[in-house]
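Take a look at the structure set out below.
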Amino acid sequence: MKYAIVIPDGCADEPLAELGGKTPLRAAKKPAMDEIARLGVVGRSNNVPAHLPPGSDVANLSLFGYDPNKYFTGRAPLEAAAQGIQLSPEDWAIRCNLVTIENQVMRSFTADHVSTPEAAALLQTCQQEMGAGGLEFIPGVSYRNLVIHRGAKQPAPFTRDTRATPPHDLTDKSVADDFPRGPGSDLLNDLMGRSVSLFAEHPVNMARKSAGKMPATNIWLWGLGKTPSLTPFHTLHGKRGAMITAVDLLRGLAALIGWQRIEVPGATGYLDTDYAAKGRYAIEALDSTDIVCVHVEATDEASHEGRADAKVKALEEIDAKIVAPLHEALKKRGDYRILVSPDHPTFLRTKTHSHGFVPFAICGNGVTADSASTYDEVTAGKTSLSFEEGWKLMGYFVK
């Protein structure tokens, strides 16, 4: 039996006037996803418990069959795993966004999509000027970077009660009341504050301003935690898997659950990603593993930017260039199952992640078709197939 999972990140949404009262899933032309719905079942799952933040970290842990109440320790440790960064039991990983804040308003949580070389230069300055006391500033991809607090030299002041708001939750909003709070927040706020003066006249920002781009005004620290101890996926579910993604969070999760990570040229984690290449690489991977997962960030990015047209377009690209060819390839290989599901809702109206159920569709061998004809939130809301604890969906899918 071969399995495939396609994750259109954050694609679940609410009806929008600009889409004629439809959600993006209902507005998009997506014959391949609708075919899965007709051939199989449509249901819904709640991947984020109400007391945990509605981020991709918690939601994807659930989606892959891990109870977040047991396994979730923070987002940054998953991204550290993606980079092969070893954390001791005393170490904490902290997500370090490069952002643009003007007049205490979050103008861009990506610093206008700062490039990776630019980010590396800014992080190097942070390391030179603030990298004392066991702090390591580690460049990642574009605005997504890390700070590691090594606890061997000086015990970390953080605890599970430390709170820090994801910057993508603050798009076009005041940040005045959303700086880190709780144990260790003084250190986080100090670093964020000091970065403002370090970046003000930095050559990277001077060049960006000259080019008409927004500068990276400072770092924003959040998502901190220690490395979780995840039971290997093969031990839990008896299957081996491969991950295709452009996002470090998913790369790290794959590493921690023992999945192969497949890097696809042209995969960007943004709206300009090479959808067709992801589809091709997924089909090739079917020969070497039990489960192939394709994660696409574009739908989530469109929501963060409040662009309904871009979200619909991304869904149509995913359908035509990933879901359709992957499903056809599975049919030719014998017994199979395919699952399409976002991790969490990301509302265009609020430009941020949300708690709540998301729709999924599954078809393949051993799946008895229900009465569904389309894959979307409305159809899922009418079904009796529902997982209040979203982490139980994976067991249903593979068994």
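By order of appearance in the structure tokens: chains A, B, ..., then residues from 1 within every chain, and ligands from 1 in the order shown.
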Q. Can you list, as a PyMOL selection string, every residue of stretch 162-397 of chain A that DSSP puts in helix (DSSP H, G or I)?
A. chain A and resi 167-169+185-200+203-210+233-237+248-257+275-285+298-304+308-332+377-381+390-397
Q: Would you list the contacts of A:Ala152 as a PyMOL selection string, taking every protein, DNA or RNA residue within 12 Å and counting only C-alpha atoms, but skipping same-chain residues closer than 3 positions in sequence?
A: chain A and resi 87-92+133-135+148-149+155-156
Restrict the selected residues to N, CA and C atoms and save them as a PDB file, in the first residue's frame.
ATOM      1  N   LEU A  87      20.706  20.117  20.295  1.00  0.00           N
ATOM      2  CA  LEU A  87      20.358  20.815  21.532  1.00  0.00           C
ATOM      3  C   LEU A  87      20.508  19.868  22.704  1.00  0.00           C
ATOM      4  N   SER A  88      21.212  20.330  23.730  1.00  0.00           N
ATOM      5  CA  SER A  88      21.307  19.544  24.956  1.00  0.00           C
ATOM      6  C   SER A  88      20.025  19.744  25.762  1.00  0.00           C
ATOM      7  N   PRO A  89      19.815  18.945  26.801  1.00  0.00           N
ATOM      8  CA  PRO A  89      18.595  19.103  27.601  1.00  0.00           C
ATOM      9  C   PRO A  89      18.450  20.487  28.235  1.00  0.00           C
ATOM     10  N   GLU A  90      19.575  21.227  28.397  1.00  0.00           N
ATOM     11  CA  GLU A  90      19.527  22.551  29.026  1.00  0.00           C
ATOM     12  C   GLU A  90      19.336  23.678  28.007  1.00  0.00           C
ATOM     13  N   ASP A  91      19.410  23.372  26.714  1.00  0.00           N
ATOM     14  CA  ASP A  91      19.375  24.398  25.687  1.00  0.00           C
ATOM     15  C   ASP A  91      17.941  24.753  25.280  1.00  0.00           C
ATOM     16  N   TRP A  92      17.771  26.005  24.867  1.00  0.00           N
ATOM     17  CA  TRP A  92      16.490  26.476  24.336  1.00  0.00           C
ATOM     18  C   TRP A  92      16.717  27.040  22.938  1.00  0.00           C
ATOM     19  N   GLY A 133      27.033  35.225  26.679  1.00  0.00           N
ATOM     20  CA  GLY A 133      26.214  34.473  27.625  1.00  0.00           C
ATOM     21  C   GLY A 133      25.574  33.234  27.046  1.00  0.00           C
ATOM     22  N   GLY A 134      26.257  32.588  26.084  1.00  0.00           N
ATOM     23  CA  GLY A 134      25.730  31.355  25.516  1.00  0.00           C
ATOM     24  C   GLY A 134      24.697  31.550  24.435  1.00  0.00           C
ATOM     25  N   LEU A 135      24.595  32.756  23.869  1.00  0.00           N
ATOM     26  CA  LEU A 135      23.630  33.017  22.803  1.00  0.00           C
ATOM     27  C   LEU A 135      24.258  32.826  21.426  1.00  0.00           C
ATOM     28  N   ILE A 148      19.867  30.398  19.650  1.00  0.00           N
ATOM     29  CA  ILE A 148      20.017  29.263  20.569  1.00  0.00           C
ATOM     30  C   ILE A 148      20.599  29.767  21.878  1.00  0.00           C
ATOM     31  N   HIS A 149      19.933  29.448  22.977  1.00  0.00           N
ATOM     32  CA  HIS A 149      20.457  29.773  24.302  1.00  0.00           C
ATOM     33  C   HIS A 149      21.054  28.493  24.878  1.00  0.00           C
ATOM     34  N   PRO A 155      22.249  28.881  32.982  1.00  0.00           N
ATOM     35  CA  PRO A 155      20.902  28.295  32.879  1.00  0.00           C
ATOM     36  C   PRO A 155      19.917  29.276  32.260  1.00  0.00           C
ATOM     37  N   ALA A 156      19.112  28.776  31.357  1.00  0.00           N
ATOM     38  CA  ALA A 156      18.133  29.628  30.683  1.00  0.00           C
ATOM     39  C   ALA A 156      17.079  30.112  31.666  1.00  0.00           C
TER      40      ALA A 156
END
Q: May I ask which of the residues A:Tyr143, A:Tyr275, A:Tyr396, A:Phe199 is the closest one to A:Arg95, counting only C-alpha atoms?
A: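 For A:Arg95, the nearest of the given residues is A:Tyr143.
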Which residues of stretch 47-103 of chain A come within 7 Å of stretch 222-238 of chain A, and for each one, what is the closest pair of atoms and their distance in Å to one decimal, counting only C-alpha atoms, sorted by chain and residue number, as a Markdown table?
| residue | atom | partner | partner_atom | distance |
| --- | --- | --- | --- | --- |
| A:Tyr71 | CA | A:Pro228 | CA | 6.2 |
| A:Phe72 | CA | A:Pro228 | CA | 6.8 |
| A:Thr73 | CA | A:Gly225 | CA | 5.3 |
| A:Gly74 | CA | A:Gly225 | CA | 4.5 |
| A:Arg75 | CA | A:Gly223 | CA | 4.9 |
| A:Ala76 | CA | A:Gly223 | CA | 5.4 |
| A:Pro77 | CA | A:Thr227 | CA | 5.0 |
| A:Leu87 | CA | A:Thr227 | CA | 6.7 |
| A:Asp91 | CA | A:Lys226 | CA | 6.5 |
| A:Trp92 | CA | A:Lys226 | CA | 5.0 |
| A:Ala93 | CA | A:Leu224 | CA | 5.4 |
| A:Ile94 | CA | A:Leu224 | CA | 4.1 |
| A:Arg95 | CA | A:Trp222 | CA | 5.2 |
| A:Cys96 | CA | A:Trp222 | CA | 6.8 |
Q: Check the smallest atom-to-atom distance from each of A:Arg337, A:Arg144, A:Arg208, A:Lys332 to A:Pro166 using only C-alpha atoms, then report the winner.
A: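 Looking at the shortest contact to A:Pro166, the residue is A:Arg144.
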Q | For stretch 122-129 of chain A: contacts at 9 Å, only C-alpha atoms, fewer than 3 positions along chain excluded, given as a list in words | A |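 Residues near the query, excluding close chain neighbours: Leu98, Pro117, Glu118, Ala119, Ala132, Leu135, Glu136, Phe137, Ile138, Pro139, Asn145, Leu191, Ser195, Leu198, Phe199, His202, Val204 and Ala216 of chain A.
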Using the selection just defined, write its residues with all heavy atoms as a CSV table (one decimal), in the first residue's frame.
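Result saved to selection23.csv:
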chain,number,residue,atom,x,y,z
A,98,LEU,N,13.1,38.4,11.2
A,98,LEU,CA,13.5,39.7,10.8
A,98,LEU,C,12.2,40.4,10.4
A,98,LEU,O,11.5,39.9,9.5
A,98,LEU,CB,14.5,39.7,9.7
A,98,LEU,CG,15.9,39.1,10.1
A,98,LEU,CD1,16.8,39.0,8.9
A,98,LEU,CD2,16.5,40.0,11.1
A,117,PRO,N,20.9,35.9,1.9
A,117,PRO,CA,22.2,36.6,2.2
A,117,PRO,C,22.0,37.8,3.0
A,117,PRO,O,22.9,38.1,3.9
A,117,PRO,CB,22.7,36.9,0.8
A,117,PRO,CG,22.0,35.9,-0.1
A,117,PRO,CD,20.6,35.8,0.5
A,118,GLU,N,21.0,38.6,2.8
A,118,GLU,CA,20.8,39.8,3.6
A,118,GLU,C,20.6,39.4,5.1
A,118,GLU,O,21.1,40.0,6.0
A,118,GLU,CB,19.6,40.6,3.1
A,118,GLU,CG,19.9,41.3,1.8
A,118,GLU,CD,18.6,42.0,1.2
A,118,GLU,OE1,17.5,41.4,1.4
A,118,GLU,OE2,18.7,43.0,0.6
A,119,ALA,N,19.7,38.4,5.3
A,119,ALA,CA,19.4,38.0,6.7
A,119,ALA,C,20.7,37.5,7.3
A,119,ALA,O,20.9,37.7,8.5
A,119,ALA,CB,18.4,36.9,6.6
A,132,ALA,N,26.7,37.0,23.5
A,132,ALA,CA,27.4,36.7,24.8
A,132,ALA,C,26.5,35.8,25.6
A,132,ALA,O,25.3,35.7,25.4
A,132,ALA,CB,27.8,37.9,25.5
A,135,LEU,N,24.6,32.8,23.9
A,135,LEU,CA,23.6,33.0,22.8
A,135,LEU,C,24.3,32.8,21.4
A,135,LEU,O,25.4,33.3,21.2
A,135,LEU,CB,23.1,34.4,22.9
A,135,LEU,CG,22.2,34.8,24.1
A,135,LEU,CD1,21.9,36.2,24.1
A,135,LEU,CD2,20.9,33.9,24.0
A,136,GLU,N,23.6,32.1,20.6
A,136,GLU,CA,24.0,31.9,19.2
A,136,GLU,C,22.9,32.3,18.2
A,136,GLU,O,21.8,31.8,18.3
A,136,GLU,CB,24.4,30.4,19.0
A,136,GLU,CG,25.5,29.9,19.9
A,136,GLU,CD,25.7,28.4,19.7
A,136,GLU,OE1,25.1,27.8,18.7
A,136,GLU,OE2,26.4,27.8,20.4
A,137,PHE,N,23.3,33.3,17.4
A,137,PHE,CA,22.3,33.7,16.3
A,137,PHE,C,22.6,33.0,15.1
A,137,PHE,O,23.7,33.1,14.5
A,137,PHE,CB,22.5,35.2,16.1
A,137,PHE,CG,22.0,36.1,17.2
A,137,PHE,CD1,22.8,36.3,18.4
A,137,PHE,CD2,20.7,36.7,17.2
A,137,PHE,CE1,22.3,37.1,19.4
A,137,PHE,CE2,20.2,37.4,18.2
A,137,PHE,CZ,21.0,37.6,19.4
A,138,ILE,N,21.7,32.2,14.6
A,138,ILE,CA,21.9,31.3,13.5
A,138,ILE,C,21.0,31.6,12.3
A,138,ILE,O,19.8,31.5,12.4
A,138,ILE,CB,21.7,29.8,13.9
A,138,ILE,CG1,22.6,29.5,15.1
A,138,ILE,CG2,21.8,28.8,12.8
A,138,ILE,CD1,22.4,28.1,15.7
A,139,PRO,N,21.6,32.0,11.2
A,139,PRO,CA,20.8,32.3,10.0
A,139,PRO,C,20.0,31.1,9.5
A,139,PRO,O,20.5,29.9,9.6
A,139,PRO,CB,21.8,32.8,9.0
A,139,PRO,CG,23.0,33.1,9.8
A,139,PRO,CD,23.0,32.2,10.9
A,145,ASN,N,14.8,32.8,11.1
A,145,ASN,CA,16.1,32.5,11.7
A,145,ASN,C,16.0,32.0,13.1
A,145,ASN,O,14.9,32.0,13.6
A,145,ASN,CB,17.0,33.7,11.6
A,145,ASN,CG,17.1,34.3,10.2
A,145,ASN,OD1,17.9,33.8,9.4
A,145,ASN,ND2,16.4,35.3,9.9
A,191,LEU,N,17.1,42.0,23.8
A,191,LEU,CA,17.7,41.7,22.5
A,191,LEU,C,16.9,42.3,21.4
A,191,LEU,O,17.5,42.9,20.5
A,191,LEU,CB,17.7,40.1,22.3
A,191,LEU,CG,18.6,39.4,23.3
A,191,LEU,CD1,18.4,37.9,23.2
A,191,LEU,CD2,20.1,39.7,23.1
A,195,SER,N,18.5,45.3,18.9
A,195,SER,CA,18.6,45.1,17.5
A,195,SER,C,18.2,46.3,16.7
A,195,SER,O,18.6,46.5,15.5
A,195,SER,CB,17.8,43.9,17.0
A,195,SER,OG,16.4,44.1,17.1
A,198,LEU,N,21.1,48.5,16.1
A,198,LEU,CA,22.1,47.7,15.3
A,198,LEU,C,21.7,47.8,13.8
A,198,LEU,O,22.6,47.8,12.9
A,198,LEU,CB,22.3,46.3,15.7
A,198,LEU,CG,22.9,46.1,17.1
A,198,LEU,CD1,22.9,44.6,17.4
A,198,LEU,CD2,24.3,46.6,17.2
A,199,PHE,N,20.4,47.7,13.5
A,199,PHE,CA,19.9,47.6,12.1
A,199,PHE,C,19.7,49.0,11.5
A,199,PHE,O,19.6,49.1,10.3
A,199,PHE,CB,18.6,46.8,12.1
A,199,PHE,CG,18.8,45.4,12.4
A,199,PHE,CD1,17.6,44.6,12.4
A,199,PHE,CD2,20.0,44.8,12.6
A,199,PHE,CE1,17.7,43.2,12.7
A,199,PHE,CE2,20.1,43.4,12.9
A,199,PHE,CZ,19.0,42.6,12.9
A,202,HIS,N,22.5,49.9,9.2
A,202,HIS,CA,23.2,48.7,8.7
A,202,HIS,C,23.3,48.7,7.2
A,202,HIS,O,22.3,49.1,6.5
A,202,HIS,CB,22.5,47.4,9.1
A,202,HIS,CG,23.3,46.2,9.0
A,202,HIS,ND1,23.6,45.6,7.8
A,202,HIS,CD2,24.0,45.4,9.9
A,202,HIS,CE1,24.3,44.5,8.0
A,202,HIS,NE2,24.6,44.4,9.3
A,204,VAL,N,23.0,46.6,4.9
A,204,VAL,CA,21.9,45.8,4.3
A,204,VAL,C,20.6,46.7,4.2
A,204,VAL,O,20.0,46.8,3.1
A,204,VAL,CB,21.6,44.5,5.1
A,204,VAL,CG1,20.2,43.9,4.7
A,204,VAL,CG2,22.7,43.5,4.9
A,216,ALA,N,14.7,45.8,7.4
A,216,ALA,CA,14.5,44.9,8.5
A,216,ALA,C,14.8,45.8,9.8
A,216,ALA,O,16.0,46.1,10.1
A,216,ALA,CB,15.4,43.7,8.5
Shell of 8 Å around A:Phe357, only C-alpha atoms, local chain residues under 5 positions omitted, as a PDB file with N, CA and C atoms, in the first residue's frame:
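Contents of result19.pdb, as written:
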ATOM      1  N   ARG A  44     -13.656  16.221   9.050  1.00  0.00           N
ATOM      2  CA  ARG A  44     -13.004  17.389   9.618  1.00  0.00           C
ATOM      3  C   ARG A  44     -12.255  16.984  10.874  1.00  0.00           C
ATOM      4  N   SER A  45     -11.191  17.724  11.151  1.00  0.00           N
ATOM      5  CA  SER A  45     -10.382  17.438  12.339  1.00  0.00           C
ATOM      6  C   SER A  45      -9.996  18.737  13.025  1.00  0.00           C
ATOM      7  N   ASN A  46      -9.875  18.670  14.329  1.00  0.00           N
ATOM      8  CA  ASN A  46      -9.460  19.815  15.141  1.00  0.00           C
ATOM      9  C   ASN A  46      -8.030  19.555  15.593  1.00  0.00           C
ATOM     10  N   ASN A  47      -7.079  20.165  14.918  1.00  0.00           N
ATOM     11  CA  ASN A  47      -5.671  19.834  15.133  1.00  0.00           C
ATOM     12  C   ASN A  47      -4.994  20.620  16.238  1.00  0.00           C
ATOM     13  N   HIS A 344      -4.221  23.934   9.817  1.00  0.00           N
ATOM     14  CA  HIS A 344      -5.074  24.824  10.617  1.00  0.00           C
ATOM     15  C   HIS A 344      -5.751  25.814   9.681  1.00  0.00           C
ATOM     16  N   PRO A 345      -6.793  26.517  10.125  1.00  0.00           N
ATOM     17  CA  PRO A 345      -7.335  27.603   9.310  1.00  0.00           C
ATOM     18  C   PRO A 345      -6.438  28.834   9.401  1.00  0.00           C
TER      19      PRO A 345
END
Q) Contacts of stretch 359-376 of chain A at 10 Å or less, counting only C-alpha atoms, minus same-chain residues fewer than 3 places along, as a PyMOL selection string? A) chain A and resi 1-5+7+11-13+22-28+30-46+327+330-331+334-345+379-383+385-386+393+397+399
